[in-house]
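Source file: data_1.pdb; contents: PDB, C-alpha atoms.
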ATOM      1  CA  MET A1066     -29.100 -27.151  -7.653
ATOM      2  CA  GLU A1067     -25.877 -25.093  -8.070
ATOM      3  CA  LYS A1068     -27.409 -22.072  -6.313
ATOM      4  CA  GLY A1069     -28.251 -24.373  -3.422
ATOM      5  CA  LEU A1070     -24.521 -24.806  -2.806
ATOM      6  CA  VAL A1071     -22.968 -21.559  -4.092
ATOM      7  CA  VAL A1072     -24.928 -19.217  -1.797
ATOM      8  CA  PRO A1073     -24.428 -21.243   1.439
ATOM      9  CA  VAL A1074     -20.693 -21.665   0.674
ATOM     10  CA  TRP A1075     -20.396 -17.913   0.030
ATOM     11  CA  ALA A1076     -22.220 -17.306   3.334
ATOM     12  CA  ASP A1077     -19.722 -19.636   5.052
ATOM     13  CA  ARG A1078     -16.809 -17.548   3.735
ATOM     14  CA  ALA A1079     -18.468 -14.275   4.777
ATOM     15  CA  ASP A1080     -19.488 -15.859   8.110
ATOM     16  CA  ASP A1081     -22.883 -14.230   7.608
ATOM     17  CA  TYR A1082     -26.081 -16.184   6.964
ATOM     18  CA  LEU A1083     -28.589 -13.507   7.957
ATOM     19  CA  ARG A1084     -27.930 -11.005   5.150
ATOM     20  CA  PRO A1085     -28.286 -13.690   2.414
ATOM     21  CA  MET A1086     -31.469 -14.819   4.242
ATOM     22  CA  LEU A1087     -32.780 -11.253   4.036
ATOM     23  CA  ALA A1088     -31.930 -11.207   0.315
ATOM     24  CA  CYS A1089     -33.892 -14.473  -0.104
ATOM     25  CA  GLY A1090     -36.921 -12.852   1.573
ATOM     26  CA  MET A1091     -36.656  -9.828  -0.745
ATOM     27  CA  LEU A1092     -36.396 -12.099  -3.799
ATOM     28  CA  THR A1093     -39.560 -13.911  -2.669
ATOM     29  CA  LEU A1094     -41.321 -10.545  -2.365
ATOM     30  CA  ALA A1095     -40.104  -9.555  -5.852
ATOM     31  CA  LEU A1096     -41.391 -12.894  -7.201
ATOM     32  CA  ALA A1097     -44.813 -12.317  -5.631
ATOM     33  CA  VAL A1098     -44.986  -8.814  -7.162
ATOM     34  CA  LEU A1099     -43.978 -10.192 -10.574
ATOM     35  CA  LEU A1100     -46.531 -13.033 -10.439
ATOM     36  CA  ALA A1101     -49.242 -10.571  -9.380
ATOM     37  CA  SER A1102     -48.470  -8.117 -12.154
ATOM     38  CA  THR A1103     -48.109 -10.418 -15.186
ATOM     39  CA  SER A1104     -50.230 -12.974 -16.963
ATOM     40  CA  SER A1105     -47.423 -14.002 -19.333
ATOM     41  CA  LEU A1106     -46.323 -17.618 -18.811
ATOM     42  CA  VAL A1107     -42.804 -16.869 -20.103
ATOM     43  CA  LEU A1108     -42.320 -14.036 -17.596
ATOM     44  CA  ALA A1109     -43.741 -16.126 -14.765
ATOM     45  CA  GLU A1110     -41.390 -18.998 -15.624
ATOM     46  CA  ALA A1111     -38.402 -16.635 -15.888
ATOM     47  CA  GLY A1112     -39.346 -15.133 -12.515
ATOM     48  CA  LEU A1113     -39.606 -18.547 -10.879
ATOM     49  CA  LEU A1114     -36.182 -19.457 -12.268
ATOM     50  CA  VAL A1115     -34.320 -16.200 -11.596
ATOM     51  CA  LEU A1116     -36.060 -15.027  -8.389
ATOM     52  CA  GLY A1117     -37.624 -18.197  -6.968
ATOM     53  CA  GLY A1118     -34.527 -20.402  -7.403
ATOM     54  CA  PRO A1119     -32.112 -18.358  -5.249
ATOM     55  CA  ALA A1120     -34.932 -17.514  -2.800
ATOM     56  CA  GLY A1121     -35.314 -21.238  -2.101
ATOM     57  CA  VAL A1122     -31.830 -21.290  -0.537
ATOM     58  CA  GLY A1123     -33.222 -19.399   2.475
ATOM     59  CA  ASN A1124     -34.288 -22.687   4.047
ATOM     60  CA  SER A1125     -30.699 -24.019   4.008
ATOM     61  CA  LEU A1126     -29.398 -20.698   5.363
ATOM     62  CA  LEU A1127     -31.839 -20.828   8.280
ATOM     63  CA  PHE A1128     -30.457 -24.195   9.420
ATOM     64  CA  ALA A1129     -26.887 -22.997   8.856
ATOM     65  CA  GLN A1130     -27.588 -19.915  11.018
ATOM     66  CA  LEU A1131     -29.082 -22.171  13.703
ATOM     67  CA  ARG A1132     -25.917 -24.265  13.748
ATOM     68  CA  ARG A1133     -23.665 -21.183  13.768
ATOM     69  CA  SER A1134     -25.557 -19.664  16.695
ATOM     70  CA  GLY A1135     -24.717 -22.784  18.715
ATOM     71  CA  ALA A1136     -28.090 -24.550  18.563
ATOM     72  CA  GLY A1137     -27.994 -28.202  19.597
ATOM     73  CA  ALA A1138     -29.170 -31.207  17.579
ATOM     74  CA  SER A1139     -32.576 -31.219  19.288
ATOM     75  CA  ASP A1140     -33.139 -27.518  18.421
ATOM     76  CA  VAL A1141     -32.300 -28.215  14.763
ATOM     77  CA  VAL A1142     -34.641 -31.251  14.661
ATOM     78  CA  ASN A1143     -37.449 -29.294  16.380
ATOM     79  CA  THR A1144     -37.088 -26.479  13.819
ATOM     80  CA  ARG A1145     -37.189 -29.113  11.074
ATOM     81  CA  ALA A1146     -40.502 -30.306  12.603
ATOM     82  CA  LEU A1147     -41.864 -26.750  12.205
ATOM     83  CA  VAL A1148     -40.796 -26.748   8.540
ATOM     84  CA  SER A1149     -42.569 -30.107   8.078
ATOM     85  CA  PHE A1150     -45.684 -28.621   9.676
ATOM     86  CA  ALA A1151     -45.540 -25.743   7.189
ATOM     87  CA  TRP A1152     -45.213 -28.225   4.320
ATOM     88  CA  VAL A1153     -48.244 -30.195   5.559
ATOM     89  CA  ALA A1154     -50.399 -27.158   6.403
ATOM     90  CA  GLY A1155     -49.365 -25.046   3.375
ATOM     91  CA  PRO A1156     -51.176 -26.818   0.505
ATOM     92  CA  PRO A1157     -54.616 -27.090   2.220
ATOM     93  CA  LEU A1158     -54.327 -23.473   3.408
ATOM     94  CA  ALA A1159     -53.417 -22.353  -0.124
ATOM     95  CA  ALA A1160     -56.361 -24.329  -1.544
ATOM     96  CA  LEU A1161     -58.663 -22.725   1.049
ATOM     97  CA  LEU A1162     -57.475 -19.216   0.144
ATOM     98  CA  MET A1163     -57.807 -19.880  -3.592
ATOM     99  CA  GLY A1164     -61.283 -21.357  -3.124
ATOM    100  CA  ALA A1165     -62.485 -18.466  -0.967
ATOM    101  CA  TYR A1166     -60.794 -15.435  -2.563
ATOM    102  CA  GLY A1167     -59.682 -16.555  -6.015
ATOM    103  CA  ASN A1168     -56.406 -17.812  -7.477
ATOM    104  CA  ARG A1169     -54.543 -14.482  -7.182
ATOM    105  CA  SER A1170     -55.055 -14.381  -3.404
ATOM    106  CA  ILE A1171     -52.240 -16.913  -3.011
ATOM    107  CA  VAL A1172     -49.796 -14.356  -4.481
ATOM    108  CA  LEU A1173     -50.889 -11.828  -1.852
ATOM    109  CA  ALA A1174     -50.374 -14.459   0.869
ATOM    110  CA  LEU A1175     -46.913 -15.173  -0.571
ATOM    111  CA  ALA A1176     -46.057 -11.446  -0.438
ATOM    112  CA  GLY A1177     -47.286 -11.227   3.169
ATOM    113  CA  ILE A1178     -45.124 -14.185   4.199
ATOM    114  CA  ALA A1179     -42.113 -12.638   2.411
ATOM    115  CA  VAL A1180     -42.585  -9.325   4.289
ATOM    116  CA  LEU A1181     -42.894 -11.207   7.602
ATOM    117  CA  ASN A1182     -39.735 -13.144   6.699
ATOM    118  CA  CYS A1183     -37.838  -9.891   6.019
ATOM    119  CA  VAL A1184     -39.040  -8.306   9.293
ATOM    120  CA  VAL A1185     -37.979 -11.348  11.373
ATOM    121  CA  THR A1186     -34.586 -11.590   9.626
ATOM    122  CA  THR A1187     -33.968  -7.846  10.158
ATOM    123  CA  ALA A1188     -34.761  -8.273  13.868
ATOM    124  CA  MET A1189     -32.314 -11.218  14.014
ATOM    125  CA  LEU A1190     -29.656  -9.089  12.258
ATOM    126  CA  ARG A1191     -30.096  -6.287  14.819
ATOM    127  CA  THR A1192     -29.829  -8.729  17.723
ATOM    128  CA  ALA A1193     -26.680 -10.252  16.209
ATOM    129  CA  SER A1194     -25.076  -6.840  15.632
ATOM    130  CA  ARG A1195     -25.941  -5.751  19.224
ATOM    131  CA  ARG A1196     -24.287  -8.912  20.546
ATOM    132  CA  ARG A1197     -21.192  -8.263  18.412
ATOM    133  CA  THR A1198     -20.936  -4.663  19.698
ATOM    134  CA  ARG A1199     -21.268  -5.858  23.302
ATOM    135  CA  ARG A1200     -18.479  -8.384  22.737
ATOM    136  CA  ARG A1201     -16.156  -5.763  21.213
ATOM    137  CA  ARG A1202     -16.730  -3.176  23.991
ATOM    138  CA  PRO A1203     -14.022  -3.441  26.702
ATOM    139  CA  ARG A1204     -15.306  -4.522  30.087
ATOM    140  CA  THR A1205     -15.390  -1.802  32.783
ATOM    141  CA  THR A1206     -16.072  -3.067  36.272
ATOM    142  CA  GLY A1207     -16.195   0.368  37.929
ATOM    143  CA  ARG A1208     -13.833  -0.851  40.655
ATOM    144  CA  ILE A1209     -10.565   1.021  41.165
ATOM    145  CA  GLU A1210      -7.745  -1.457  41.349
ATOM    146  CA  PRO A1211      -5.147  -0.733  44.051
ATOM    147  CA  THR A1212      -1.860   0.289  42.482
ATOM    148  CA  GLY A1213       1.641   0.987  43.777
ATOM    149  CA  ARG A1214       1.643  -1.726  46.416
ATOM    150  CA  THR A1215       4.244  -4.421  46.268
TER     151      THR A1215
ATOM    152  CA  MET B1096     -48.744 -44.184  -5.106
ATOM    153  CA  SER B1097     -51.982 -43.429  -7.017
ATOM    154  CA  LEU B1098     -51.121 -45.982  -9.711
ATOM    155  CA  PHE B1099     -50.110 -48.562  -7.103
ATOM    156  CA  VAL B1100     -53.284 -48.093  -5.033
ATOM    157  CA  THR B1101     -55.606 -48.403  -8.032
ATOM    158  CA  GLY B1102     -53.597 -51.429  -9.169
ATOM    159  CA  GLN B1103     -54.311 -53.042  -5.792
ATOM    160  CA  ARG B1104     -58.066 -52.439  -6.401
ATOM    161  CA  MET B1105     -58.429 -49.681  -3.827
ATOM    162  CA  ALA B1106     -60.098 -46.288  -4.415
ATOM    163  CA  VAL B1107     -57.610 -43.606  -5.503
ATOM    164  CA  VAL B1108     -58.585 -41.472  -2.481
ATOM    165  CA  TRP B1109     -56.562 -43.874  -0.299
ATOM    166  CA  ALA B1110     -53.370 -42.796  -2.084
ATOM    167  CA  GLY B1111     -53.944 -39.199  -0.971
ATOM    168  CA  ALA B1112     -54.947 -40.339   2.518
ATOM    169  CA  ALA B1113     -51.801 -42.462   2.859
ATOM    170  CA  LEU B1114     -49.472 -39.654   1.723
ATOM    171  CA  GLY B1115     -51.262 -37.153   3.987
ATOM    172  CA  VAL B1116     -51.057 -39.456   7.016
ATOM    173  CA  ALA B1117     -47.330 -40.114   6.376
ATOM    174  CA  ALA B1118     -46.597 -36.362   6.117
ATOM    175  CA  ALA B1119     -48.638 -35.608   9.245
ATOM    176  CA  LEU B1120     -46.954 -38.401  11.228
ATOM    177  CA  GLU B1121     -43.536 -36.999  10.292
ATOM    178  CA  ILE B1122     -44.121 -34.024  12.651
ATOM    179  CA  PRO B1123     -44.623 -35.960  15.944
ATOM    180  CA  ALA B1124     -41.844 -38.307  14.835
ATOM    181  CA  LEU B1125     -39.481 -35.330  14.405
ATOM    182  CA  LEU B1126     -40.486 -33.940  17.808
ATOM    183  CA  LEU B1127     -39.771 -37.344  19.360
ATOM    184  CA  LEU B1128     -36.410 -37.445  17.569
ATOM    185  CA  GLY B1129     -35.680 -33.968  18.952
ATOM    186  CA  ARG B1130     -36.094 -35.390  22.466
ATOM    187  CA  LEU B1131     -34.016 -38.468  21.664
ATOM    188  CA  ALA B1132     -31.181 -36.473  20.040
ATOM    189  CA  GLY B1133     -28.205 -36.404  22.384
ATOM    190  CA  ARG B1134     -29.480 -39.398  24.379
ATOM    191  CA  VAL B1135     -29.457 -42.006  21.597
ATOM    192  CA  PRO B1136     -26.532 -42.198  19.108
ATOM    193  CA  GLU B1137     -27.244 -40.722  15.660
ATOM    194  CA  LEU B1138     -26.324 -43.972  13.880
ATOM    195  CA  THR B1139     -28.810 -45.923  16.017
ATOM    196  CA  LEU B1140     -31.598 -43.469  15.188
ATOM    197  CA  LEU B1141     -30.739 -43.575  11.475
ATOM    198  CA  ALA B1142     -30.580 -47.399  11.573
ATOM    199  CA  SER B1143     -34.045 -47.477  13.201
ATOM    200  CA  GLY B1144     -35.289 -45.375  10.273
ATOM    201  CA  CYS B1145     -33.707 -47.801   7.785
ATOM    202  CA  VAL B1146     -35.286 -50.807   9.541
ATOM    203  CA  ALA B1147     -38.668 -49.039   9.402
ATOM    204  CA  ALA B1148     -38.113 -48.376   5.681
ATOM    205  CA  VAL B1149     -37.200 -52.005   4.904
ATOM    206  CA  VAL B1150     -40.295 -53.299   6.758
ATOM    207  CA  TYR B1151     -42.522 -50.611   5.207
ATOM    208  CA  TYR B1152     -41.448 -51.206   1.608
ATOM    209  CA  ALA B1153     -41.498 -55.016   1.994
ATOM    210  CA  ALA B1154     -45.007 -54.885   3.518
ATOM    211  CA  MET B1155     -46.256 -52.515   0.799
ATOM    212  CA  VAL B1156     -45.581 -55.228  -1.799
ATOM    213  CA  ARG B1157     -48.321 -57.352  -0.194
ATOM    214  CA  VAL B1158     -50.724 -54.637   0.995
ATOM    215  CA  SER B1159     -54.281 -54.973  -0.289
ATOM    216  CA  SER B1160     -56.531 -53.177   2.226
ATOM    217  CA  PRO B1161     -56.861 -49.449   3.068
ATOM    218  CA  VAL B1162     -56.464 -50.177   6.812
ATOM    219  CA  ALA B1163     -53.082 -51.860   6.244
ATOM    220  CA  LEU B1164     -52.049 -49.087   3.823
ATOM    221  CA  ILE B1165     -52.781 -46.346   6.373
ATOM    222  CA  GLY B1166     -51.356 -48.346   9.298
ATOM    223  CA  LEU B1167     -48.043 -48.826   7.490
ATOM    224  CA  GLN B1168     -47.621 -45.065   7.168
ATOM    225  CA  VAL B1169     -46.375 -44.992  10.781
ATOM    226  CA  LEU B1170     -43.215 -46.717   9.529
ATOM    227  CA  ASN B1171     -43.014 -44.385   6.521
ATOM    228  CA  GLY B1172     -43.364 -41.317   8.773
ATOM    229  CA  TRP B1173     -40.609 -42.539  11.102
ATOM    230  CA  PHE B1174     -38.294 -43.275   8.170
ATOM    231  CA  PHE B1175     -38.781 -39.820   6.653
ATOM    232  CA  ALA B1176     -38.358 -38.130  10.043
ATOM    233  CA  THR B1177     -35.019 -39.852  10.691
ATOM    234  CA  VAL B1178     -33.726 -38.888   7.239
ATOM    235  CA  ALA B1179     -35.012 -35.301   7.544
ATOM    236  CA  GLY B1180     -34.009 -34.668  11.161
ATOM    237  CA  VAL B1181     -31.059 -36.880  12.077
ATOM    238  CA  GLY B1182     -29.646 -36.750   8.531
ATOM    239  CA  LEU B1183     -29.443 -32.953   8.672
ATOM    240  CA  THR B1184     -27.840 -32.805  12.138
ATOM    241  CA  MET B1185     -25.367 -35.528  11.115
ATOM    242  CA  PHE B1186     -24.269 -33.534   8.048
ATOM    243  CA  GLN B1187     -23.855 -30.438  10.243
ATOM    244  CA  ARG B1188     -21.784 -32.364  12.789
ATOM    245  CA  LEU B1189     -19.521 -34.040  10.206
ATOM    246  CA  ILE B1190     -18.929 -30.949   8.038
ATOM    247  CA  PRO B1191     -17.595 -27.983  10.054
ATOM    248  CA  ARG B1192     -18.939 -25.287   7.687
ATOM    249  CA  PRO B1193     -22.705 -24.961   8.449
ATOM    250  CA  GLY B1194     -23.645 -23.493   5.049
ATOM    251  CA  LEU B1195     -21.819 -26.182   3.069
ATOM    252  CA  ALA B1196     -23.199 -28.940   5.337
ATOM    253  CA  THR B1197     -26.816 -27.808   4.975
ATOM    254  CA  GLY B1198     -26.436 -27.068   1.257
ATOM    255  CA  LEU B1199     -24.951 -30.510   0.610
ATOM    256  CA  TYR B1200     -27.710 -32.191   2.617
ATOM    257  CA  VAL B1201     -30.467 -30.355   0.703
ATOM    258  CA  ASN B1202     -28.801 -31.106  -2.646
ATOM    259  CA  THR B1203     -28.361 -34.780  -1.724
ATOM    260  CA  ARG B1204     -32.117 -35.013  -1.150
ATOM    261  CA  ARG B1205     -32.723 -33.321  -4.513
ATOM    262  CA  LEU B1206     -30.354 -35.806  -6.188
ATOM    263  CA  GLY B1207     -32.354 -38.588  -4.527
ATOM    264  CA  SER B1208     -35.515 -37.179  -6.112
ATOM    265  CA  VAL B1209     -33.803 -37.214  -9.520
ATOM    266  CA  VAL B1210     -32.629 -40.813  -9.042
ATOM    267  CA  SER B1211     -36.141 -41.875  -7.951
ATOM    268  CA  GLY B1212     -37.295 -41.561 -11.599
ATOM    269  CA  PRO B1213     -35.113 -44.434 -12.910
ATOM    270  CA  VAL B1214     -35.853 -46.407  -9.704
ATOM    271  CA  ILE B1215     -39.594 -46.195 -10.409
ATOM    272  CA  ALA B1216     -38.992 -47.147 -14.050
ATOM    273  CA  LEU B1217     -36.854 -50.133 -13.009
ATOM    274  CA  GLY B1218     -39.338 -51.276 -10.357
ATOM    275  CA  ALA B1219     -42.370 -50.901 -12.600
ATOM    276  CA  GLY B1220     -40.841 -53.414 -15.003
ATOM    277  CA  LEU B1221     -40.102 -55.964 -12.266
ATOM    278  CA  ALA B1222     -43.630 -56.913 -11.198
ATOM    279  CA  PRO B1223     -47.188 -56.062 -12.265
ATOM    280  CA  GLY B1224     -49.125 -53.326 -10.434
ATOM    281  CA  TYR B1225     -46.125 -51.198  -9.446
ATOM    282  CA  SER B1226     -45.330 -53.380  -6.415
ATOM    283  CA  GLY B1227     -41.891 -53.865  -7.988
ATOM    284  CA  VAL B1228     -41.111 -50.219  -7.155
ATOM    285  CA  PHE B1229     -41.439 -51.077  -3.459
ATOM    286  CA  ILE B1230     -39.232 -54.161  -3.930
ATOM    287  CA  VAL B1231     -36.450 -51.938  -5.347
ATOM    288  CA  CYS B1232     -36.967 -49.437  -2.484
ATOM    289  CA  ALA B1233     -36.747 -52.265   0.084
ATOM    290  CA  VAL B1234     -33.484 -53.456  -1.485
ATOM    291  CA  LEU B1235     -32.037 -49.907  -1.491
ATOM    292  CA  SER B1236     -33.052 -49.429   2.167
ATOM    293  CA  THR B1237     -31.375 -52.751   3.047
ATOM    294  CA  VAL B1238     -28.175 -51.544   1.333
ATOM    295  CA  ALA B1239     -28.371 -48.278   3.335
ATOM    296  CA  LEU B1240     -28.862 -50.255   6.566
ATOM    297  CA  ALA B1241     -25.877 -52.483   5.722
ATOM    298  CA  ALA B1242     -23.753 -49.360   5.098
ATOM    299  CA  LEU B1243     -24.772 -47.928   8.486
ATOM    300  CA  VAL B1244     -23.942 -51.211  10.236
ATOM    301  CA  ALA B1245     -20.544 -51.248   8.470
ATOM    302  CA  VAL B1246     -19.816 -47.660   9.584
ATOM    303  CA  ALA B1247     -20.842 -48.503  13.161
ATOM    304  CA  ALA B1248     -18.650 -51.637  13.136
ATOM    305  CA  ARG B1249     -15.658 -49.674  11.798
ATOM    306  CA  ARG B1250     -16.138 -47.011  14.490
ATOM    307  CA  GLY B1251     -16.388 -49.742  17.115
ATOM    308  CA  SER B1252     -13.188 -51.457  15.972
ATOM    309  CA  ALA B1253     -11.383 -48.081  15.732
ATOM    310  CA  ALA B1254     -12.417 -47.293  19.306
ATOM    311  CA  VAL B1255     -11.179 -50.703  20.491
ATOM    312  CA  ALA B1256      -7.879 -50.223  18.610
ATOM    313  CA  SER B1257      -7.262 -46.733  20.044
ATOM    314  CA  GLY B1258      -8.367 -47.676  23.560
ATOM    315  CA  PRO B1259      -5.188 -49.339  24.940
ATOM    316  CA  GLN B1260      -2.965 -46.688  23.268
ATOM    317  CA  SER B1261      -4.755 -43.790  24.892
ATOM    318  CA  ALA B1262      -4.861 -45.506  28.285
TER     319      ALA B1262
END
Let me see whether you can do it: turn the structure in this file into structure tokens.
Amino acid sequence: MEKGLVVPVWADRADDYLRPMLACGMLTLALAVLLASTSSLVLAEAGLLVLGGPAGVGNSLLFAQLRRSGAGASDVVNTRALVSFAWVAGPPLAALLMGAYGNRSIVLALAGIAVLNCVVTTAMLRTASRRRTRRRRPRTTGRIEPTGRT
Amino acid sequence: MSLFVTGQRMAVVWAGAALGVAAALEIPALLLLGRLAGRVPELTLLASGCVAAVVYYAAMVRVSSPVALIGLQVLNGWFFATVAGVGLTMFQRLIPRPGLATGLYVNTRRLGSVVSGPVIALGAGLAPGYSGVFIVCAVLSTVALAALVAVAARRGSAAVASGPQSA
């Protein structure tokens, strides 16, 4: 529960939600790799605690980023509807994968989603940095202002 | 839900069906709330969710057929959608730091999950067949509704008090 507050508050101070979101995606990928490579329950539990716990904050950071980027209430609620859809569709899809390709296939799916998450967040970071550069660059209109006249 | 449904002499499959229907109905309810956001005040939307919760939990105490159980999930879906959608936007509007607002909202829901354990224990001892759990939930939803009405009334009186001064 503490991580759920510490990371978003730190992101508030840094005024950057995308880089912590990227870190969450990487932690999810690391968790998938760990779960795929071990059969030890202790290691799996430690991984869920150390890697999965902080990775879960990504959801909060997404909504914080939405708010920071100036999204309105309806945009936030519509995005929340997408998250609800994922929650409803996730378990049957996971059961389908496990039934068709075995229990370990869900770890591969998890890794794929984590990679997709990282790619999307990186694209968002690039867009944000391009916007920042555009804002910093002084405006040049190309028009020569008349000078010397009173 | 499984224990309650079997206690009401229904097949356990109806517990899964009810929870699935409620979760599925949450999505169109959230999309509808997305359209209503900005047009209808947040407190009104939240109060509508509380009213739905009070009616849902009170009706669940008496439910004995699968049709009624599934039909009542419309109210459950609306209640969850208002808490999930309007609750989040309200936190973000009231707290200026987006990360803190969202983090607090998520943690508040987690705290609610922790508190639900003692609530279930308390309700299970009230009446046979776990219907007491829904009685406790109905009471808690009524308290939440009363709190919302009190906040709305205070805002209304504050607006009336500041009106002549600003004019």
Would you work out the distance separating atom CA of B:Ala1118 from atom CA of B:Ala1242, expressed in Å to one decimal?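 Rounded to one decimal, the two atoms are 26.3 Å apart.
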Proximity to chain A - best of B:Ala1176, B:Ala1216, B:Ala1153, B:Ala1147, all atoms listed in the file: B:Ala1176
Hey, can I get the axis-aligned box for stretch 1166-1178 of chain B? All listed atoms, 5 Å padding on each side, centre and edge lengths in Å to one decimal, as lines of an AutoDock Vina configuration file.
center_x = -42.5
center_y = -43.5
center_z = 8.8
size_x = 27.6
size_y = 20.7
size_z = 14.6
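Taking only C-alpha atoms into account, B:Ala1124 lies nearest to A:Val1142 out of the set A:Ala1101, A:Leu1126, A:Val1142, A:Ala1176.
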Which residues of chain A have any atom within 10 Å of an atom in chain B when counting all atoms listed in the file, and what is the closest pair of atoms for each, with the distance in Å to one decimal? Order the rows by chain and rising number and write it as a Markdown table.
| residue | atom | partner | partner_atom | distance |
| --- | --- | --- | --- | --- |
| A:Met1066 | CA | B:Asn1202 | CA | 6.4 |
| A:Glu1067 | CA | B:Asn1202 | CA | 8.6 |
| A:Lys1068 | CA | B:Gly1198 | CA | 9.1 |
| A:Gly1069 | CA | B:Gly1198 | CA | 5.7 |
| A:Leu1070 | CA | B:Gly1198 | CA | 5.0 |
| A:Val1071 | CA | B:Gly1198 | CA | 8.4 |
| A:Val1072 | CA | B:Gly1194 | CA | 8.2 |
| A:Pro1073 | CA | B:Gly1194 | CA | 4.3 |
| A:Val1074 | CA | B:Leu1195 | CA | 5.2 |
| A:Trp1075 | CA | B:Gly1194 | CA | 8.2 |
| A:Ala1076 | CA | B:Gly1194 | CA | 6.6 |
| A:Asp1077 | CA | B:Gly1194 | CA | 5.5 |
| A:Arg1078 | CA | B:Arg1192 | CA | 8.9 |
| A:Asp1080 | CA | B:Gly1194 | CA | 9.2 |
| A:Asp1081 | CA | B:Gly1194 | CA | 9.6 |
| A:Tyr1082 | CA | B:Gly1194 | CA | 7.9 |
| A:Val1122 | CA | B:Gly1198 | CA | 8.1 |
| A:Asn1124 | CA | B:Thr1197 | CA | 9.1 |
| A:Ser1125 | CA | B:Thr1197 | CA | 5.5 |
| A:Leu1126 | CA | B:Gly1194 | CA | 6.4 |
| A:Leu1127 | CA | B:Gly1194 | CA | 9.2 |
| A:Phe1128 | CA | B:Thr1197 | CA | 6.8 |
| A:Ala1129 | CA | B:Pro1193 | CA | 4.6 |
| A:Gln1130 | CA | B:Pro1193 | CA | 7.5 |
| A:Leu1131 | CA | B:Pro1193 | CA | 8.7 |
| A:Arg1132 | CA | B:Pro1193 | CA | 6.2 |
| A:Arg1133 | CA | B:Pro1193 | CA | 6.6 |
| A:Gly1137 | CA | B:Gly1133 | CA | 8.7 |
| A:Ala1138 | CA | B:Thr1184 | CA | 5.8 |
| A:Ser1139 | CA | B:Gly1129 | CA | 4.2 |
| A:Asp1140 | CA | B:Gly1129 | CA | 7.0 |
| A:Val1141 | CA | B:Thr1184 | CA | 6.9 |
| A:Val1142 | CA | B:Gly1180 | CA | 4.9 |
| A:Asn1143 | CA | B:Gly1129 | CA | 5.6 |
| A:Thr1144 | CA | B:Leu1126 | CA | 9.1 |
| A:Arg1145 | CA | B:Gly1180 | CA | 6.4 |
| A:Ala1146 | CA | B:Ile1122 | CA | 5.2 |
| A:Leu1147 | CA | B:Ile1122 | CA | 7.6 |
| A:Val1148 | CA | B:Ile1122 | CA | 9.0 |
| A:Ser1149 | CA | B:Ile1122 | CA | 6.2 |
| A:Phe1150 | CA | B:Ile1122 | CA | 6.4 |
| A:Trp1152 | CA | B:Ala1118 | CA | 8.4 |
| A:Val1153 | CA | B:Ala1118 | CA | 6.4 |
| A:Ala1154 | CA | B:Ala1119 | CA | 9.1 |
For the residues in that selection, give me C-alpha atoms as a tab-separated table (two decimals), in the frame of the given file.
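Here's the written file result.tsv:
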chain	number	residue	atom	x	y	z
A	1066	MET	CA	-29.10	-27.15	-7.65
A	1067	GLU	CA	-25.88	-25.09	-8.07
A	1068	LYS	CA	-27.41	-22.07	-6.31
A	1069	GLY	CA	-28.25	-24.37	-3.42
A	1070	LEU	CA	-24.52	-24.81	-2.81
A	1071	VAL	CA	-22.97	-21.56	-4.09
A	1072	VAL	CA	-24.93	-19.22	-1.80
A	1073	PRO	CA	-24.43	-21.24	1.44
A	1074	VAL	CA	-20.69	-21.66	0.67
A	1075	TRP	CA	-20.40	-17.91	0.03
A	1076	ALA	CA	-22.22	-17.31	3.33
A	1077	ASP	CA	-19.72	-19.64	5.05
A	1078	ARG	CA	-16.81	-17.55	3.74
A	1080	ASP	CA	-19.49	-15.86	8.11
A	1081	ASP	CA	-22.88	-14.23	7.61
A	1082	TYR	CA	-26.08	-16.18	6.96
A	1122	VAL	CA	-31.83	-21.29	-0.54
A	1124	ASN	CA	-34.29	-22.69	4.05
A	1125	SER	CA	-30.70	-24.02	4.01
A	1126	LEU	CA	-29.40	-20.70	5.36
A	1127	LEU	CA	-31.84	-20.83	8.28
A	1128	PHE	CA	-30.46	-24.20	9.42
A	1129	ALA	CA	-26.89	-23.00	8.86
A	1130	GLN	CA	-27.59	-19.92	11.02
A	1131	LEU	CA	-29.08	-22.17	13.70
A	1132	ARG	CA	-25.92	-24.26	13.75
A	1133	ARG	CA	-23.66	-21.18	13.77
A	1137	GLY	CA	-27.99	-28.20	19.60
A	1138	ALA	CA	-29.17	-31.21	17.58
A	1139	SER	CA	-32.58	-31.22	19.29
A	1140	ASP	CA	-33.14	-27.52	18.42
A	1141	VAL	CA	-32.30	-28.22	14.76
A	1142	VAL	CA	-34.64	-31.25	14.66
A	1143	ASN	CA	-37.45	-29.29	16.38
A	1144	THR	CA	-37.09	-26.48	13.82
A	1145	ARG	CA	-37.19	-29.11	11.07
A	1146	ALA	CA	-40.50	-30.31	12.60
A	1147	LEU	CA	-41.86	-26.75	12.20
A	1148	VAL	CA	-40.80	-26.75	8.54
A	1149	SER	CA	-42.57	-30.11	8.08
A	1150	PHE	CA	-45.68	-28.62	9.68
A	1152	TRP	CA	-45.21	-28.22	4.32
A	1153	VAL	CA	-48.24	-30.20	5.56
A	1154	ALA	CA	-50.40	-27.16	6.40
Point-to-point distance in Å for atom CA of B:Leu1243 and atom CA of B:Ser1226: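 We find that atom CA of B:Ser1226 and atom CA of B:Leu1243 lie 26.0 Å from each other.
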Just to confirm, what's the straight-line distance from atom CA of A:Gly1112 to atom CA of A:Met1189 in Å (one decimal)?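 These two atoms are separated by 27.7 Å.
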Name all residues at most 12 Å from A:Val1184 (count only C-alpha atoms; drop same-chain ones fewer than 6 positions away) and give them as a PyMOL selection string. chain A and resi 1083+1086-1088+1090-1091+1177-1178+1190-1191
Pick the closest to A:Pro1119 from A:Thr1093, A:Thr1186, A:Thr1198, A:Thr1192: which is it, counting all atoms listed in the file?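 The answer is A:Thr1093, which sits nearest to A:Pro1119.
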